[in-house]
Amino acid sequence: MIQPVLKTLHCFPAIALTLFACGCHIPNQAYRSGDLPNRANAPVIVVDTPPQLPVSKNNPWPRHPEVECNQQNLKNLLGRPCLAFLEFDDFGETWQKTITGSNASVGRPTQLDKIVELIVAAKKQDPSGEPLILTFVHGWKHNASQGKGSGDDDDNIIGLESTINRLHDPVTGEWRGHVVIGIYLSWRGGLISRYWPVSQQFTYWNREATAIRVGNSSMTDALIEIADAAKRTGDCGSGDLCYRSESCASLSRPAPLLVQPPSTSACTPLVRFVGHSFGALVMERALTQATITRMEGQWNQQRANRLRNSDQPADLTPLADLVIYVNSAAAATESKQLMDYLASTKSVYQPASHGEEKRDEPLFLSITSEADLATGLLLKIGHAVPLIGYKFKGSMRASSAGPVAIPDSGQQDVTTSTTSYARACFEPATKTASIKTDMSETDYYLTTTAHAQALWSHTVTQKAASRVVKTGDPICIPGTNPIYSTCTIGTYDYVISNADNRCNGTPYWALQVQKELIPDHTTIFTERLIDFLTAFIQPPSQEGQPSNRPQLQRPM
Amino acid sequence: MSWMNRIRSVSRGILPIAALVPCVFGCVALLRGQAVPTSGSQNRYSPSSPTGELICPGGFPTDLTVTNCDFTAHMRMQQWVTVSFTDEAMLGAILYGAGAQIIQSPSEWGRTWGGYGERVGVRYTQAAARGTAEFLVGNLMQDDPRHLSYKDDPHTHWGSKIVSCNSGIIELQNYPTPTKIVWKRVGHAFVDSITVRKSNPCGSGKQLPAIDRLVGVAAGAYGGYAWYPRAENTIASASQRAALSYGSTLLGSFYTEFSPELMTGLTKLFTPRKKQQ
């Protein structure tokens with residue numbers, strides 16, 4: 001029966017299979033190891049000067065060969081930002097290890113050491129010791145490839161370079177006059193060449209499993225080292241630009257991090273971690289345990305050292321000032337345990353300044369687009385397949401049939417518990433905690449945090465613009481409770497306010513935005529999104545003004 | 001199977017007409033020409049912060065990754081390989097081959113595994129012929145064959161349109177939503193299926209007849225000659241195959257035009273709503 005088919009299809013499938021075997025696989029390799037002649041694949045590069053648009057077909061951007069951010073360029077970070085790469089293999093290990101050099105560096109991940117070097121240089125050269133350190137983890141179908149020529153870099157590298165240029169722009173950039181550096185954490189996001197678009201889609205499960213593997217010890221270590229290198233004191237010395245800043249000089253004495261967390265100061269870099277799609281899954285996997293470990297460690301330390309009967313909340317130092325998951329392809333099961341932890345410990349993330357009403361800020365921000373079909377629809381299809389297995393094995397806990405019985409008012413002090421599948425709720429304004437049992441484990445597994453309305457901390461409403469934003473005007477204006485902020489972008493106002501009857505009042509914010517802000521799954525490097533995110537990102541402090549950066553606190 | 005014969009005979013009648021309609025639409029559109037807009041509010045963007053000001057047709061405003069709207073050689077190559085040789089071409093051949101198997105077209109090939117193999121094989125050959133012809137002619141024309149919706153088309157009067165784009169200064173003109181929009185969009189979907197634009201860094205290239213598509217459709221139709229039974233190798237049958245091949249292009253054009261509505265519907269359908277506890 002098969003014979004006639006083979007006979008008929010003898011020629012073209014043979015060609016196709018040969019093509020498939022020869023050219024469809026994207027190799028498991030490091031792209032930025034700096035071993036090519038003239039270090040054409042340097043692990044730290046200078047971000048190319050922004051082009052005049054449109055660039056001509058014969059002169060694409062960014063230009064190649066890329067310029068290595070070597071000792072000389074490392075001294076001019078204020079003039080030109082640099083971008084560093086750290087690559088992980090299919091099992092989540094860093095690709096490159098140092099084999100010779102100082103005893104301290106032998107065996108260390110070479111690319112990570114370069115990143116720490118870059119962070120120290122950034123701190124030293126920023127006039128107020130407050131550089132922006134933007135760490136990005138890419139998603140599915142991406143890697144750290146620079147391609148064959150100018151403009152052939154992976155789209156996400158071009159996007160990150162453009163974003164850094166935009167933030168650092170001397171006229172319009174929010175970080176003008178400051179040092180901005182980028183760190184591109186890369187893994188093998190693509191398995192099949194884009195010349196095989198259908199087969200590419202079927203790598204979903206394989207790459208999701210890889211993302212889970214990559215978000216492991218080596219990635220956690222890298223994120224911790226990046227955060228600690230940024231926040232540790234003592235890097236500024238006389239002669240450095242940051243040393244001239246009074247607040248920096250007073251902090252230049254080194255202090256062990258766990259013994260006494262340094263108070264949030266104007267003189268520490270702003271560390272942003274951003275993960276997109278499966279990159280958000282990688283980052284969430286790598287960060288969740290590390291965040292809880294750090295919070296618990298610091299809280300216990302401070303609890304042991306507190307004055308007797310003191311009820312001052314513990315000041316905790318999170319890894320990053322803000323972690324942003326854009327169009328995350330992580331199931332909501334990934335975030336639930338951290339959200340439960342933050343709610344049950346009643347942690348808040350509010351500016352340290354006293355006096356006026358304290359405003360909650362996000363420590364984690366999961367933002368997705370209503371037009372993101374990849375995580376809104378395809379994730380359901382993708383997860384439906386393994387869900388059958390989970391269901392068959394009875395792994396999924398159901399939601400309770402009805403609300404959990406709450407003891408009457410006379411018995412409020414009596415501890416009761418439930419084994420129903422529940423989530424912890426916390427409202428910081430009223431400091432009240434509760435539980436909800438409205439979602440089953442399957443519900444969590446079949447959606448992402450920001451797509452699940454029940455998990456929203458905030459809602460974003462869109463209406464016609466009420467003002468015209470001129471150059472230099474703030475795009476987002478903070479509001480008063482329940483409105484967090486109102487941003488005017490394009491022809492619309494976007495009002496960010498607390499979600500009605502929310503359960504999630506934790507510093508893990510989840511919200512969904514309109515397609516005018518994020519049009520689809522992949523288009524994320526846009527001015528519109530950057531403008532919108534300024535609502536959540538504190539601008540650099542002004543000289544002589546106290547820092548209004550939020551402080552993570554947990555009650556004793 | 002009488003119903004299959006009926007489908008075949010109906011399709012023989014309809015397909016040439018279906019091929020004629022867009023030609024008429026397209027000719028009218030081309031004859032009308034596309035005047036440079038002269039009214040509306042103008043925004044001049046300064047070149048001081050050049051990234052993000054270029055909006056390619058169909059692109060998202062302020063997309064920082066876009067530096068040029070050309071249909072590059074790399075894009076053309078990728079399109080050629082995917083629609084002609086690799087899995088997209090194979091999948092098309094397998095699916096359309098299955099459709100032909102169901103209606104037993106051509107009737108000379110039985111509804112057997114061998115017949116299915118012939119049907120898949122001929123469609124794969126046709127896709128390769130069409131893709132290659134489009135690639136070659138498109139390369140000569142240096143055109144941009146990507147479908148655009150009415151709103152995104154640089155030559156229609158709806159939304160933000162590039163007026164001029166030189167030396168880093170991009171001048172845009174905004175147009176309000178026109179009247180009778182549904183009919184205009186339907187008409188545009190037809191026109192877009194038979195026209196292309198000159199590839200241009202600003203994406204505002206001149207509208208041209210889609211000669212590459214025309215040649216591609218013809219090449220695809222005649223590409224199956226070596227495979228088809230002698231009875232099918234007539235001009236009438238080849239025209240029918242060409243019309244069918246063009247039909248897929250037309251479908252693509254309609255999808256581009258109405259995909260926002262489709263996506264909105266799908267999003268609403270699959271967005272979980274908050275359960276009341």
# chains A, B, ... in the order shown; residues from 1 in each chain; ligands from 1

call {"tool": "select_by_dssp", "arguments": {"residues": "stretch 83-209 of chain B", "states": "helix (DSSP H, G or I)", "output": "ChimeraX atom specification"}}
result
/B:83-84,87-102,113-141,181-194

call {"tool": "select_by_dssp", "arguments": {"residues": "stretch 20-190 of chain A", "states": "strand (DSSP E or B)", "output": "VMD selection string"}}
result
chain A and resid 25 44 to 46 68 82 to 88 94 97 109 132 to 137 180 to 186

call {"tool": "closest_residue", "arguments": {"among": "A:Ala452, A:Val495, A:Leu319, A:Ala209", "to": "chain B", "atoms": "only C-alpha atoms"}}
result
A:Ala452

call {"tool": "atom_distance", "arguments": {"atom1": "atom CA of A:Asn59", "atom2": "atom CA of B:Ala133"}}
result
28.2 Å

call {"tool": "interface_residues", "arguments": {"of": "chain A", "to": "chain B", "cutoff": "6 Å", "atoms": "only C-alpha atoms", "output": "number ranges by chain"}}
result
A: 4-5, 8-9, 52-55, 158-159, 162, 195-196, 198, 438, 453-454, 525-527

call {"tool": "residues_around", "arguments": {"residues": "stretch 134-137 of chain A", "least_positions_apart": "5", "cutoff": "8 Å", "atoms": "only C-alpha atoms", "output": "number ranges by chain"}}
result
A: 160, 180-186, 271-276, 279-280, 282-283

call {"tool": "write_last_selection", "arguments": {"atoms": "C-alpha atoms", "output": "compact mmCIF listing (two decimals), in the first residue's frame"}}
result
# COMPACT_ATOMS: atom_id res chain seq x y z
CA LEU A 160 17.21 45.70 23.69
CA VAL A 180 22.52 52.67 31.26
CA ILE A 181 23.78 49.14 30.69
CA GLY A 182 22.08 46.05 29.35
CA ILE A 183 22.54 42.40 30.21
CA TYR A 184 21.16 39.86 27.77
CA LEU A 185 20.65 36.45 29.33
CA SER A 186 20.40 33.96 26.54
CA VAL A 271 18.16 46.89 38.85
CA ARG A 272 15.41 45.81 36.51
CA PHE A 273 14.89 42.21 35.50
CA VAL A 274 12.70 41.70 32.45
CA GLY A 275 11.57 38.38 31.05
CA HIS A 276 9.52 37.87 27.92
CA GLY A 279 12.03 34.07 29.20
CA ALA A 280 9.57 35.09 31.91
CA VAL A 282 12.95 31.05 32.96
CA MET A 283 13.20 34.09 35.18

call {"tool": "atom_distance", "arguments": {"atom1": "atom CA of A:Lys436", "atom2": "atom CA of A:Arg502"}}
result
10.5 Å

call {"tool": "atom_distance", "arguments": {"atom1": "atom CA of B:Thr256", "atom2": "atom CA of B:Val191"}}
result
12.6 Å

call {"tool": "closest_residue", "arguments": {"among": "A:Leu77, A:Glu174, A:Ser369, A:Leu533", "to": "A:Asp473", "atoms": "only C-alpha atoms"}}
result
A:Glu174

call {"tool": "closest_residue", "arguments": {"among": "A:Ser218, A:Asn156, A:Thr416, A:Thr442", "to": "A:Glu87", "atoms": "only C-alpha atoms"}}
result
A:Ser218

call {"tool": "residues_around", "arguments": {"residues": "A:Arg39", "least_positions_apart": "3", "cutoff": "12 Å", "atoms": "only C-alpha atoms", "output": "ChimeraX atom specification"}}
result
/A:31-36,42-45,65-70

call {"tool": "residues_around", "arguments": {"residues": "B:Tyr228", "least_positions_apart": "2", "cutoff": "12 Å", "atoms": "only C-alpha atoms", "output": "MDAnalysis selection string"}}
result
chainID B and resid 105:109 115 118:123 125:126 221:226 230:234 237:238 241
